[in-house]
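Everything on this sheet refers to the single structure shown next.
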Amino acid sequence: MNSDWLVLPQTDGLLEAKMYKQIMFGPSCFQLRRIDGVPSVLQDHYFGNKVRFIEEGIILEKWNSTDSKELPDFDICLYNPDEDSLTSLTNIKCFDWHLSEKENNNLSFKWFDGIQGGEVKVAL
């Protein structure tokens, strides 16, 4: 397992990531930190590899556990780099999710767990 810190693409040199754990036959989780060395709320958590950039900040998949027996259990969060704040938007218990729509201050996330799917709408 490569444990080097690597610049997170598309963050304009703001964030870097290091793999923390690979779930057998599943996804990896990462530690994140700011490249500028400023202590960050990000350092207290582990994140999946889903990163989405919107005008209000960065959408991140925060893992609530790194124990494979307790997964999937994720908080979809908005990271505001200017305030170094991490706001939980919704909880999703599914590996397969995506941001499907952004309209004004409303976000829609769609998910599918292999059997059923759904949609969660949240206001920013």
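Identifiers in the structure tokens: chain A, B, ... in order shown; residue index from 1 per chain; ligand index from 1 in order shown.
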Please provide the set of residues having any atom within 10 Å of Gln31 of chain A, restricted to only C-alpha atoms, with same-chain residues fewer than 2 positions apart removed, written as a PyMOL selection string.
chain A and resi 5+16-21+29+33+42-48
Take the residues just selected and output them with N, CA and C atoms as a PDB file, in the first residue's frame.
```
ATOM      1  N   TRP A   5       1.693  11.098   0.643  1.00  0.00           N
ATOM      2  CA  TRP A   5       0.710  12.159   0.463  1.00  0.00           C
ATOM      3  C   TRP A   5       0.757  12.600  -0.994  1.00  0.00           C
ATOM      4  N   GLU A  16      -4.362  17.515   0.051  1.00  0.00           N
ATOM      5  CA  GLU A  16      -3.658  16.313  -0.358  1.00  0.00           C
ATOM      6  C   GLU A  16      -4.235  15.136   0.414  1.00  0.00           C
ATOM      7  N   ALA A  17      -4.038  13.940  -0.153  1.00  0.00           N
ATOM      8  CA  ALA A  17      -4.642  12.738   0.410  1.00  0.00           C
ATOM      9  C   ALA A  17      -3.598  11.637   0.544  1.00  0.00           C
ATOM     10  N   LYS A  18      -3.831  10.757   1.527  1.00  0.00           N
ATOM     11  CA  LYS A  18      -2.988   9.587   1.726  1.00  0.00           C
ATOM     12  C   LYS A  18      -3.910   8.406   2.030  1.00  0.00           C
ATOM     13  N   MET A  19      -3.697   7.272   1.333  1.00  0.00           N
ATOM     14  CA  MET A  19      -4.546   6.116   1.583  1.00  0.00           C
ATOM     15  C   MET A  19      -4.374   5.651   3.021  1.00  0.00           C
ATOM     16  N   TYR A  20      -5.507   5.388   3.675  1.00  0.00           N
ATOM     17  CA  TYR A  20      -5.494   4.893   5.042  1.00  0.00           C
ATOM     18  C   TYR A  20      -5.782   3.390   5.084  1.00  0.00           C
ATOM     19  N   LYS A  21      -6.817   2.972   4.329  1.00  0.00           N
ATOM     20  CA  LYS A  21      -7.220   1.571   4.389  1.00  0.00           C
ATOM     21  C   LYS A  21      -7.920   1.165   3.099  1.00  0.00           C
ATOM     22  N   CYS A  29     -10.293   4.131   1.800  1.00  0.00           N
ATOM     23  CA  CYS A  29     -10.544   5.400   2.478  1.00  0.00           C
ATOM     24  C   CYS A  29      -9.214   6.116   2.665  1.00  0.00           C
ATOM     25  N   ARG A  33      -5.621  16.356   4.224  1.00  0.00           N
ATOM     26  CA  ARG A  33      -5.076  17.499   4.952  1.00  0.00           C
ATOM     27  C   ARG A  33      -4.854  18.635   3.971  1.00  0.00           C
ATOM     28  N   LEU A  42     -10.543  18.406   8.690  1.00  0.00           N
ATOM     29  CA  LEU A  42     -10.446  17.207   7.862  1.00  0.00           C
ATOM     30  C   LEU A  42      -9.556  16.139   8.492  1.00  0.00           C
ATOM     31  N   GLN A  43      -8.584  16.551   9.269  1.00  0.00           N
ATOM     32  CA  GLN A  43      -7.607  15.616   9.835  1.00  0.00           C
ATOM     33  C   GLN A  43      -8.218  14.675  10.873  1.00  0.00           C
ATOM     34  N   ASP A  44      -9.433  14.959  11.333  1.00  0.00           N
ATOM     35  CA  ASP A  44     -10.087  14.137  12.354  1.00  0.00           C
ATOM     36  C   ASP A  44     -10.919  13.000  11.766  1.00  0.00           C
ATOM     37  N   HIS A  45     -10.976  12.877  10.430  1.00  0.00           N
ATOM     38  CA  HIS A  45     -11.894  11.941   9.781  1.00  0.00           C
ATOM     39  C   HIS A  45     -11.204  11.188   8.654  1.00  0.00           C
ATOM     40  N   TYR A  46     -11.913  10.174   8.133  1.00  0.00           N
ATOM     41  CA  TYR A  46     -11.476   9.437   6.951  1.00  0.00           C
ATOM     42  C   TYR A  46     -12.531   9.612   5.871  1.00  0.00           C
ATOM     43  N   PHE A  47     -12.075   9.627   4.625  1.00  0.00           N
ATOM     44  CA  PHE A  47     -12.955   9.946   3.510  1.00  0.00           C
ATOM     45  C   PHE A  47     -12.804   8.940   2.385  1.00  0.00           C
ATOM     46  N   GLY A  48     -13.897   8.756   1.638  1.00  0.00           N
ATOM     47  CA  GLY A  48     -13.857   7.931   0.443  1.00  0.00           C
ATOM     48  C   GLY A  48     -13.265   8.721  -0.708  1.00  0.00           C
TER      49      GLY A  48
END
```
Quick one: residues within 8 Å of segment 68-77 of chain A, only C-alpha atoms counted, chain neighbours fewer than 6 positions away excluded, as a list of chain:residue names?
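Contacts, in chain order: A:Ile23, A:Ile59, A:Leu60, A:Glu61, A:Lys62, A:Leu86, A:Thr87, A:Ser88, A:Leu89, A:Thr90, A:Asn91, A:Ile92, A:Lys93, A:Cys94, A:Phe95.
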Selection file, N, CA and C atoms, as a tab-separated table (two decimals), in the first residue's frame:
```tsv
chain	number	residue	atom	x	y	z
A	23	ILE	N	-10.52	-1.62	1.77
A	23	ILE	CA	-11.46	-2.66	2.19
A	23	ILE	C	-11.34	-3.80	1.19
A	59	ILE	N	-17.82	18.60	-1.93
A	59	ILE	CA	-18.62	17.50	-1.41
A	59	ILE	C	-17.69	16.31	-1.14
A	60	LEU	N	-17.72	15.80	0.07
A	60	LEU	CA	-16.86	14.68	0.47
A	60	LEU	C	-17.69	13.56	1.09
A	61	GLU	N	-17.20	12.33	0.95
A	61	GLU	CA	-17.83	11.16	1.55
A	61	GLU	C	-17.05	10.82	2.82
A	62	LYS	N	-17.60	11.22	3.98
A	62	LYS	CA	-16.93	10.97	5.26
A	62	LYS	C	-17.37	9.61	5.79
A	86	LEU	N	-16.81	21.58	8.13
A	86	LEU	CA	-17.31	20.36	7.52
A	86	LEU	C	-18.75	20.17	8.00
A	87	THR	N	-19.71	20.27	7.09
A	87	THR	CA	-21.12	20.19	7.43
A	87	THR	C	-21.72	18.92	6.85
A	88	SER	N	-22.31	18.10	7.70
A	88	SER	CA	-22.96	16.88	7.23
A	88	SER	C	-24.27	17.26	6.54
A	89	LEU	N	-24.45	16.74	5.31
A	89	LEU	CA	-25.66	17.02	4.55
A	89	LEU	C	-26.68	15.90	4.67
A	90	THR	N	-26.20	14.65	4.62
A	90	THR	CA	-27.09	13.49	4.73
A	90	THR	C	-26.24	12.26	5.02
A	91	ASN	N	-26.89	11.20	5.48
A	91	ASN	CA	-26.21	9.93	5.72
A	91	ASN	C	-26.68	8.94	4.64
A	92	ILE	N	-25.73	8.23	4.06
A	92	ILE	CA	-26.05	7.23	3.03
A	92	ILE	C	-25.36	5.93	3.43
A	93	LYS	N	-26.13	4.84	3.40
A	93	LYS	CA	-25.59	3.53	3.75
A	93	LYS	C	-25.48	2.69	2.48
A	94	CYS	N	-24.68	3.23	1.54
A	94	CYS	CA	-24.57	2.61	0.23
A	94	CYS	C	-23.27	3.09	-0.43
A	95	PHE	N	-22.54	2.16	-1.09
A	95	PHE	CA	-21.31	2.56	-1.78
A	95	PHE	C	-21.60	3.33	-3.07
```
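Atom CA of Pro81 of chain A sits 19.1 Å away from atom CA of Trp63 of chain A.
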Output as a ChimeraX atom specification all residues of segment 14-113 of chain A that backbone DSSP marks as helix (DSSP H, G or I).
/A:41-44,68-70
May I have the selected residues written with N, CA and C atoms, as a CSV table (one decimal), in the first residue's frame?
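After the write, out_14.csv holds the following:
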```csv
chain,number,residue,atom,x,y,z
A,41,VAL,N,-10.1,20.6,10.2
A,41,VAL,CA,-11.1,19.7,10.7
A,41,VAL,C,-11.1,18.4,9.9
A,42,LEU,N,-10.5,18.4,8.7
A,42,LEU,CA,-10.4,17.2,7.9
A,42,LEU,C,-9.6,16.1,8.5
A,43,GLN,N,-8.6,16.6,9.3
A,43,GLN,CA,-7.6,15.6,9.8
A,43,GLN,C,-8.2,14.7,10.9
A,44,ASP,N,-9.4,15.0,11.3
A,44,ASP,CA,-10.1,14.1,12.4
A,44,ASP,C,-10.9,13.0,11.8
A,68,SER,N,-14.9,-2.9,8.2
A,68,SER,CA,-15.7,-3.4,7.0
A,68,SER,C,-17.0,-4.0,7.4
A,69,LYS,N,-17.2,-4.5,8.7
A,69,LYS,CA,-18.5,-5.0,9.1
A,69,LYS,C,-19.5,-3.9,9.3
A,70,GLU,N,-19.1,-2.7,9.5
A,70,GLU,CA,-20.0,-1.6,9.7
A,70,GLU,C,-20.2,-0.8,8.5
```
